[in-house]
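Note: the block below is model.txt and it holds compact mmCIF, C-alpha atoms and all ligand atoms.
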```
# COMPACT_ATOMS: atom_id res chain seq x y z
CA MET A 151 102.24 95.82 101.02
CA LEU A 152 104.95 98.44 100.67
CA PRO A 153 104.90 100.17 97.28
CA ALA A 154 107.59 99.61 94.64
CA ALA A 155 110.62 101.88 95.06
CA ARG A 156 110.97 104.78 92.60
CA GLY A 157 114.61 105.69 93.25
CA ARG A 158 117.56 105.21 95.56
CA LEU A 159 116.00 106.73 98.66
CA SER A 160 112.76 104.76 98.49
CA GLU A 161 114.70 101.59 97.74
CA GLU A 162 116.86 101.93 100.85
CA LEU A 163 113.96 103.05 102.99
CA PHE A 164 111.56 100.27 101.99
CA ALA A 165 114.28 97.64 102.43
CA ALA A 166 115.01 98.97 105.93
CA LEU A 167 111.30 99.03 106.82
CA ALA A 168 110.73 95.49 105.60
CA ALA A 169 113.80 94.17 107.47
CA ASN A 170 112.94 96.25 110.56
CA ASP A 171 116.40 97.84 110.33
CA ALA A 172 117.19 101.24 111.77
CA VAL A 173 117.64 104.10 109.32
CA SER A 174 120.24 106.75 109.90
CA GLU A 175 121.13 109.85 107.95
CA ARG A 176 124.09 107.98 106.57
CA SER A 177 122.23 104.92 105.37
CA ILE A 178 119.53 106.88 103.54
CA PRO A 179 120.48 108.78 100.38
CA ARG A 180 118.81 112.00 99.20
CA PRO A 181 115.83 111.47 96.89
CA ASP A 182 116.90 111.34 93.27
CA SER A 183 113.58 112.59 91.85
CA PRO A 184 110.22 113.99 92.95
CA ASP A 185 108.78 110.49 92.37
CA ASP A 186 111.35 109.03 94.75
CA GLU A 187 110.66 111.71 97.37
CA GLN A 188 106.90 111.45 97.11
CA ILE A 189 106.61 107.67 97.28
CA ALA A 190 108.90 107.63 100.35
CA LEU A 191 106.83 110.37 101.98
CA TRP A 192 103.60 108.57 101.11
CA ALA A 193 104.85 105.37 102.76
CA LEU A 194 106.00 107.24 105.87
CA TYR A 195 102.58 108.90 106.16
CA GLU A 196 100.85 105.55 105.75
CA LEU A 197 102.48 104.41 108.99
CA HIS A 198 100.00 106.82 110.66
CA TYR A 199 96.96 105.47 108.79
CA ARG A 200 96.76 101.72 108.17
CA GLY A 201 100.45 100.79 108.08
CA PHE A 202 101.83 97.84 106.12
CA ASP A 203 101.67 94.15 107.00
CA GLU A 204 105.42 93.77 106.74
CA VAL A 205 106.31 96.87 108.80
CA ASP A 206 106.38 96.78 112.61
CA ALA A 207 103.59 99.06 113.91
CA ASP A 208 106.04 100.59 116.39
CA ARG A 209 107.92 102.27 113.52
CA GLU A 210 105.17 104.92 113.36
CA TRP A 211 107.00 106.90 116.06
CA ASP A 212 110.57 105.91 115.19
CA PRO A 213 112.50 109.20 115.67
CA ASP A 214 114.82 108.49 112.74
CA LEU A 215 111.87 107.94 110.42
CA LEU A 216 110.24 111.12 111.74
CA ARG A 217 113.45 113.04 111.03
CA LEU A 218 113.56 111.68 107.50
CA ARG A 219 109.88 112.54 107.07
CA ARG A 220 110.53 116.10 108.20
CA ASP A 221 113.34 116.51 105.66
CA LEU A 222 111.13 115.23 102.86
CA GLU A 223 108.27 117.46 104.01
CA ARG A 224 110.53 120.51 103.95
CA SER A 225 111.55 120.00 100.38
CA PHE A 226 107.92 119.28 99.43
CA GLU A 227 106.78 122.45 101.21
CA GLU A 228 109.43 124.45 99.41
CA ARG A 229 108.17 123.15 96.10
CA LEU A 230 104.57 123.94 97.01
CA ARG A 231 105.57 127.50 97.86
CA THR A 232 107.12 128.00 94.45
CA TRP A 233 103.96 126.70 92.77
CA VAL A 234 101.35 128.39 94.91
CA SER A 235 100.97 132.00 95.98
CA ILE A 236 98.67 133.32 98.67
CA PRO A 237 96.06 135.68 97.21
CA GLU A 238 96.06 139.10 98.88
CA ALA A 239 92.39 139.99 98.44
CA ALA A 240 90.41 141.41 101.37
CA GLY A 241 87.04 140.19 102.63
CA PRO A 242 85.90 136.91 104.14
CA VAL A 243 88.05 133.93 103.13
CA SER A 244 84.94 132.20 101.76
CA GLU A 245 84.67 134.95 99.13
CA VAL A 246 88.36 134.89 98.30
CA ILE A 247 88.24 131.11 97.88
CA GLU A 248 85.15 131.30 95.66
CA LYS A 249 86.95 133.82 93.47
CA LEU A 250 90.04 131.62 93.27
CA ILE A 251 87.84 128.77 92.06
CA ALA A 252 86.01 131.03 89.61
CA VAL A 253 89.21 132.15 87.86
CA ASP A 254 90.83 128.69 87.89
CA ASP A 255 91.25 127.63 84.29
CA ALA A 256 92.49 124.06 84.78
CA PRO A 257 91.15 121.47 82.33
CA SER A 258 88.42 119.19 83.67
CA ILE A 259 88.79 115.42 83.87
CA ALA A 260 85.11 115.13 84.84
CA ARG A 261 83.93 116.88 81.68
CA PHE A 262 86.17 114.62 79.61
CA VAL A 263 84.74 111.55 81.35
CA GLN A 264 81.22 112.86 80.85
CA ARG A 265 81.64 113.29 77.09
CA ARG A 266 84.48 111.33 75.57
CA ALA A 267 86.58 109.09 77.82
CA THR A 268 86.84 105.38 77.06
CA GLY A 269 86.15 102.68 79.65
CA ASP A 270 89.87 102.05 80.07
CA GLN A 271 90.59 105.71 80.66
CA VAL A 272 87.88 105.84 83.32
CA ARG A 273 89.29 102.72 84.98
CA THR A 274 92.68 104.44 85.12
CA VAL A 275 91.14 107.48 86.83
CA LEU A 276 89.31 105.24 89.33
CA GLN A 277 92.58 103.49 90.16
CA HIS A 278 94.37 106.79 90.68
CA ARG A 279 91.53 108.24 92.74
CA SER A 280 91.35 105.08 94.88
CA ILE A 281 94.51 106.15 96.70
CA TYR A 282 92.52 108.92 98.30
CA HIS A 283 88.92 107.76 98.05
CA LEU A 284 89.66 104.58 100.05
CA LYS A 285 90.62 106.79 102.96
CA GLU A 286 88.33 109.63 102.08
CA SER A 287 88.19 112.36 104.75
CA ASP A 288 90.68 110.62 107.01
CA PRO A 289 93.42 113.28 106.69
CA VAL A 290 90.91 115.95 107.78
CA SER A 291 89.98 113.99 110.92
CA TRP A 292 93.42 114.80 112.38
CA ILE A 293 92.39 118.48 112.44
CA VAL A 294 89.33 118.12 114.70
CA PRO A 295 91.09 118.22 118.10
CA ARG A 296 93.00 121.34 117.07
CA LEU A 297 90.00 123.64 116.74
CA GLU A 298 87.83 125.84 118.93
CA ALA A 299 84.16 125.01 119.42
CA GLY A 300 82.69 126.78 116.35
CA PRO A 301 84.71 125.27 113.52
CA LYS A 302 85.13 122.02 115.46
CA ALA A 303 81.37 121.38 115.74
CA ALA A 304 80.82 122.18 112.05
CA LEU A 305 83.75 120.03 110.94
CA ALA A 306 82.57 117.14 113.13
CA GLY A 307 79.16 117.43 111.42
CA LEU A 308 80.81 117.33 108.00
CA GLN A 309 82.96 114.35 108.94
CA PHE A 310 79.98 112.51 110.45
CA ASP A 311 78.25 112.81 107.07
CA GLU A 312 81.41 111.65 105.23
CA TYR A 313 81.55 108.69 107.58
CA GLY A 314 77.98 107.63 106.79
CA SER A 315 76.20 109.24 109.76
CA GLY A 316 76.83 106.11 111.78
CA GLN A 317 75.97 103.66 108.98
CA PRO A 318 78.98 101.77 107.60
CA SER A 319 77.21 101.12 104.29
CA ARG A 320 76.89 104.89 103.67
CA LEU A 321 80.45 105.74 104.59
CA HIS A 322 82.09 107.38 101.59
CA HIS A 323 85.20 105.22 101.34
CA ARG A 324 82.96 102.19 101.64
CA LEU A 325 80.79 103.49 98.77
CA PHE A 326 83.92 103.88 96.65
CA ALA A 327 85.10 100.37 97.54
CA ASP A 328 81.68 99.03 96.49
CA GLY A 329 82.03 100.93 93.21
CA LEU A 330 85.52 99.56 92.55
CA ARG A 331 84.39 95.99 93.07
CA ALA A 332 81.35 96.50 90.85
CA ALA A 333 83.72 97.80 88.15
CA GLU A 334 85.82 94.65 88.61
CA LEU A 335 88.69 96.57 90.14
CA ASP A 336 90.49 95.66 93.35
CA ASP A 337 89.24 97.52 96.44
CA THR A 338 92.22 96.60 98.62
CA TYR A 339 93.52 99.71 100.39
CA GLY A 340 96.58 101.08 98.57
CA ARG A 341 96.38 98.39 95.88
CA TYR A 342 97.00 100.82 92.99
CA ILE A 343 99.77 102.89 94.53
CA ASP A 344 102.33 101.66 91.99
CA GLU A 345 100.09 102.93 89.18
CA ALA A 346 99.76 106.38 90.74
CA PRO A 347 101.66 109.18 88.99
CA VAL A 348 103.64 111.63 91.11
CA GLU A 349 100.80 114.19 90.85
CA ILE A 350 98.48 111.80 92.70
CA LEU A 351 101.12 111.24 95.39
CA GLU A 352 101.49 115.00 95.77
CA LEU A 353 97.73 115.45 96.14
CA ASN A 354 97.60 112.79 98.84
CA ASN A 355 100.76 113.87 100.61
CA ALA A 356 99.64 117.49 100.79
CA MET A 357 96.49 116.40 102.63
CA SER A 358 98.52 114.31 105.10
CA LEU A 359 101.03 117.14 105.55
CA PHE A 360 98.22 119.58 106.38
CA GLY A 361 96.41 117.04 108.54
CA LEU A 362 99.32 115.82 110.62
CA HIS A 363 100.79 119.21 111.54
CA ARG A 364 98.84 121.48 113.88
CA ARG A 365 100.56 124.50 112.36
CA TRP A 366 98.96 123.59 109.02
CA ARG A 367 95.40 123.22 110.37
CA GLY A 368 94.24 126.32 108.49
CA ALA A 369 95.67 124.97 105.25
CA GLY A 370 93.96 121.64 105.81
CA LEU A 371 90.61 123.43 106.13
CA GLY A 372 91.24 125.71 103.14
CA HIS A 373 92.10 122.62 101.13
CA LEU A 374 88.89 120.97 102.32
CA ALA A 375 86.82 123.99 101.28
CA VAL A 376 88.17 123.93 97.71
CA PHE A 377 87.91 120.17 97.50
CA GLU A 378 84.22 120.27 98.48
CA ALA A 379 83.43 123.37 96.44
CA THR A 380 84.79 121.81 93.26
CA SER A 381 83.01 118.50 93.70
CA SER A 382 79.23 118.70 93.15
CA LEU A 383 79.12 119.63 89.47
CA PRO A 384 82.10 117.44 88.45
CA SER A 385 80.59 114.53 90.39
CA ARG A 386 77.43 114.85 88.32
CA GLN A 387 79.53 114.81 85.13
CA MET A 388 81.42 111.76 86.37
CA ALA A 389 78.13 109.94 87.10
CA GLN A 390 76.83 110.82 83.61
CA GLY A 391 80.04 109.61 81.98
CA LEU A 392 80.00 106.34 83.93
CA ARG A 393 76.38 105.70 82.89
CA ARG A 394 77.17 106.62 79.27
CA LEU A 395 79.86 103.93 79.30
CA GLY A 396 77.60 101.37 81.00
CA PHE A 397 79.56 101.12 84.26
CA PRO A 398 77.59 99.31 87.01
CA GLU A 399 75.32 101.44 89.23
CA PRO A 400 77.43 101.34 92.44
CA VAL A 401 80.23 103.30 90.72
CA ALA A 402 77.86 106.00 89.50
CA HIS A 403 76.12 105.98 92.89
CA TYR A 404 79.34 107.01 94.62
CA TYR A 405 79.37 110.14 92.46
CA ASP A 406 75.60 110.72 92.83
CA GLU A 407 76.05 110.81 96.58
CA HIS A 408 78.77 113.45 96.18
CA VAL A 409 76.59 115.77 94.10
CA GLU A 410 74.27 116.37 97.02
CA ALA A 411 76.62 115.79 99.96
CA ASP A 412 79.28 118.12 98.65
CA ALA A 413 76.79 120.87 97.82
CA VAL A 414 76.22 120.91 101.59
CA HIS A 415 79.84 120.40 102.58
CA GLU A 416 80.95 123.26 100.37
CA GLN A 417 78.78 125.76 102.27
CA LEU A 418 79.74 124.23 105.61
CA ALA A 419 83.46 124.32 104.87
CA LEU A 420 83.41 127.85 103.49
CA ARG A 421 81.05 129.58 105.91
CA LEU A 422 80.90 127.63 109.17
CA ILE A 423 84.46 126.32 109.16
CA CYS A 424 86.93 128.55 107.27
CA ASP A 425 85.22 131.92 107.86
CA VAL A 426 84.66 131.17 111.54
CA LEU A 427 88.20 129.89 112.04
CA VAL A 428 89.68 133.06 110.52
CA GLU A 429 87.31 135.29 112.49
CA GLU A 430 88.44 133.63 115.71
CA GLU A 431 92.09 133.19 114.73
CA PRO A 432 92.98 135.90 112.19
CA ASP A 433 96.56 134.65 111.93
CA GLN A 434 95.21 131.52 110.18
CA ARG A 435 94.04 133.50 107.14
CA ASP A 436 97.14 133.01 104.99
CA SER A 437 97.34 129.37 105.91
CA VAL A 438 93.70 128.79 104.88
CA LEU A 439 94.28 130.52 101.55
CA PHE A 440 97.53 128.62 100.98
CA GLY A 441 95.71 125.33 101.50
CA ALA A 442 92.92 126.41 99.17
CA ALA A 443 95.34 127.44 96.43
CA THR A 444 97.35 124.25 96.91
CA CYS A 445 94.28 122.10 96.30
CA LEU A 446 93.54 123.89 93.02
CA GLU A 447 97.16 123.75 91.88
CA LEU A 448 97.70 120.06 92.60
CA GLU A 449 94.37 119.06 91.03
CA ALA A 450 95.27 121.14 87.96
CA ARG A 451 98.64 119.42 87.67
CA TYR A 452 97.03 116.00 87.77
CA ALA A 453 94.34 116.99 85.24
CA ARG A 454 96.87 118.49 82.82
CA LYS A 455 99.13 115.45 83.07
CA ILE A 456 96.45 112.89 82.45
CA LEU A 457 94.55 114.78 79.76
CA ARG A 458 97.77 115.50 77.92
CA GLN A 459 98.62 111.82 78.07
CA TRP A 460 95.30 111.10 76.39
CA ASP A 461 95.75 113.98 74.01
CA ALA A 462 92.54 115.44 75.35
CA ALA A 463 93.60 118.74 76.90
CA MET B 153 70.85 128.11 122.01
CA SER B 154 72.50 131.46 121.43
CA VAL B 155 71.46 134.03 118.85
CA ASP B 156 74.83 133.74 117.10
CA GLU B 157 74.11 130.10 116.48
CA PRO B 158 71.39 130.07 113.83
CA ASP B 159 70.03 126.79 112.52
CA VAL B 160 69.13 128.31 109.16
CA ILE B 161 71.81 130.10 107.19
CA MET B 162 71.28 131.85 103.86
CA CYS B 163 74.35 131.37 101.65
CA PRO B 164 75.13 134.25 99.24
CA ASP B 165 73.95 133.27 95.73
CA GLY B 166 73.50 129.76 97.06
CA PRO B 167 71.27 127.47 99.07
CA MET B 168 69.72 127.75 102.50
CA LEU B 169 71.85 125.74 104.91
CA LEU B 170 69.98 123.88 107.66
CA ARG B 171 71.51 122.54 110.83
CA GLY B 172 69.86 119.49 112.37
CA HIS B 173 66.71 117.60 111.56
CA HIS B 174 63.95 119.32 109.59
CA ARG B 175 60.92 118.49 107.46
CA VAL B 176 60.89 120.54 104.30
CA ALA B 177 57.76 120.97 102.16
CA ASP B 178 58.36 121.75 98.50
CA GLU B 179 56.18 123.98 96.30
CA SER B 180 53.67 121.18 95.72
CA GLY B 181 53.40 120.38 99.41
CA GLU B 182 55.41 117.18 99.27
CA VAL B 183 57.40 116.77 102.49
CA PHE B 184 61.06 115.73 102.57
CA GLU B 185 63.00 114.85 105.69
CA THR B 186 66.63 115.84 106.14
CA GLU B 187 69.02 112.90 106.49
CA ARG B 188 72.32 114.65 107.14
CA PRO B 189 73.72 116.60 110.10
CA PHE B 190 73.50 119.66 107.81
CA SER B 191 71.44 120.00 104.64
CA ALA B 192 71.27 122.55 101.84
CA VAL B 193 67.87 123.55 100.44
CA CYS B 194 67.89 124.87 96.88
CA ARG B 195 66.86 128.51 96.56
CA CYS B 196 67.65 129.03 92.87
CA GLY B 197 65.10 126.56 91.51
CA LYS B 198 67.63 124.89 89.20
CA SER B 199 68.59 121.83 91.22
CA ALA B 200 67.89 118.40 89.76
CA THR B 201 67.56 116.95 93.27
CA ARG B 202 65.07 119.45 94.72
CA PRO B 203 64.33 120.36 97.40
CA TRP B 204 68.07 119.87 97.99
CA CYS B 205 70.81 121.95 96.39
CA ASP B 206 73.02 120.14 93.87
CA GLY B 207 75.40 122.97 93.08
CA SER B 208 73.52 124.05 89.95
CA HIS B 209 73.18 127.62 91.26
CA LYS B 210 76.81 128.08 90.25
CA LEU B 211 75.94 127.64 86.60
CA LEU B 212 73.67 130.67 86.96
CA ARG B 213 76.53 132.73 88.29
CA ARG B 214 78.54 131.75 85.24
CA THR B 215 81.56 131.06 87.39
CA LYS B 216 83.66 127.95 87.03
CA THR B 217 81.33 125.21 85.91
CA THR B 218 83.46 122.12 85.99
S1 LIG C 1 70.67 126.75 95.36
FE1 LIG C 1 72.12 125.27 94.81
S2 LIG C 1 71.18 124.34 93.14
FE2 LIG C 1 69.72 125.82 93.69
```
Do you think you could lay out the structure here as structure tokens?
Ligand code: FES
Amino acid sequence: MLPAARGRLSEELFAALAANDAVSERSIPRPDSPDDEQIALWALYELHYRGFDEVDADREWDPDLLRLRRDLERSFEERLRTWVSIPEAAGPVSEVIEKLIAVDDAPSIARFVQRRATGDQVRTVLQHRSIYHLKESDPVSWIVPRLEAGPKAALAGLQFDEYGSGQPSRLHHRLFADGLRAAELDDTYGRYIDEAPVEILELNNAMSLFGLHRRWRGAGLGHLAVFEATSSLPSRQMAQGLRRLGFPEPVAHYYDEHVEADAVHEQLALRLICDVLVEEEPDQRDSVLFGAATCLELEARYARKILRQWDAA
Amino acid sequence: MSVDEPDVIMCPDGPMLLRGHHRVADESGEVFETERPFSAVCRCGKSATRPWCDGSHKLLRRTKTT
């Protein structure tokens, strides 16, 4: 189902998609807020993933929708560039990224869940995270065909692990769906999009932006490296918090799996993917670092928003 | 296989990364089989899921811990 509109642009766009009407520059207004822009962009990206029952599958390559998507992406990119700067440090990108993570002082949702969150607060986080976790790793799959042999083979190995090494029951988005159901939440893809704050849309849209554009392949991989390198320890805290609150085992299991898997993926992404990519294609360095810094910034924005809401920052 | 394509990679201040299938014996001689395309063997001794790395080595470095 298409999400609820969040402003004039998304209202016009979703109505046109549902009615299978053409969109033209004249019929579609400018976004009236970041929420409006981001939900429209999210829906346009979804046409490339699973689509919507009520939208004709052929609209994925509708040139007018692609033009609109490009306009929205440009304003999103502009915003990202004002939030994120590319670090100038020398040395292998893996080291620069590790330093970026080390000096990041964003508050931690995982630590809050581990120690103090209530069951309802955790359910809210699971709903927000479901937007990504139910298509976990999919945005990165777009990058595979755009790489040379070294980083491609390593990334394919990482993705194979994310996708359960050939076993559907071990596939990460399947594990998360199992966890949602065990927690008596809905595991339907995209079910909680209307509950997602703009920060969650930005996190998801940045991954699709990096994944769908070849020119952003470095950023997609830098983003991946930070995502994996900031996952093991927080996943353990999440699992502890879920067990403290008596959540069913499948939810905690999803996070257990990420403690060990992401300890591996972190090293893979930093050393066999990002470092090798930049060695082979030095002009990708800034892009990799931009993606890495973007991941930290957007996660920090989400954490600050939600912890402030709970008065827990 | 070429020499620039090692199957065992030592990560700075981190685990030993293994490519492919291996059997790893821990200090007591118990043997563990790798289950992933790549695996990380703990070198710092602090992991709770030994012989595999669980990221705990980062707590030793006193870098970002959460
Ligand atoms: S090397 Fe990572 S936990 Fe020991």
Problem set entry | Contacts to ligand LIG 1 (chain C) at 8 Å cut-off (all atoms listed in the file) as a PyMOL selection string | (chain A and resi 413) or (chain B and resi 165-168+192-200+202+204-210)
Exercise. When the cut-off is 10 Å and we count all atoms listed in the file, which residues of chain A are near chain B, given as a PyMOL selection string?
Worked result: chain A and resi 245+248-261+300+304+306-312+314-315+379-387+406+408-418+420-422
For this session: Would you be able to write out as a count of residues only which residues have an atom within 12 Å of (97.4, 130.7, 108.7) in the file's coordinates, counting all atoms listed in the file?
Result: 29
Problem set entry | CA of Phe262 in chain A to CA of Pro184 in chain A, distance in Å rounded to a single decimal | 27.5 Å
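Put simply, CA of Pro179 in chain A is 15.4 Å away from CA of Glu223 in chain A.
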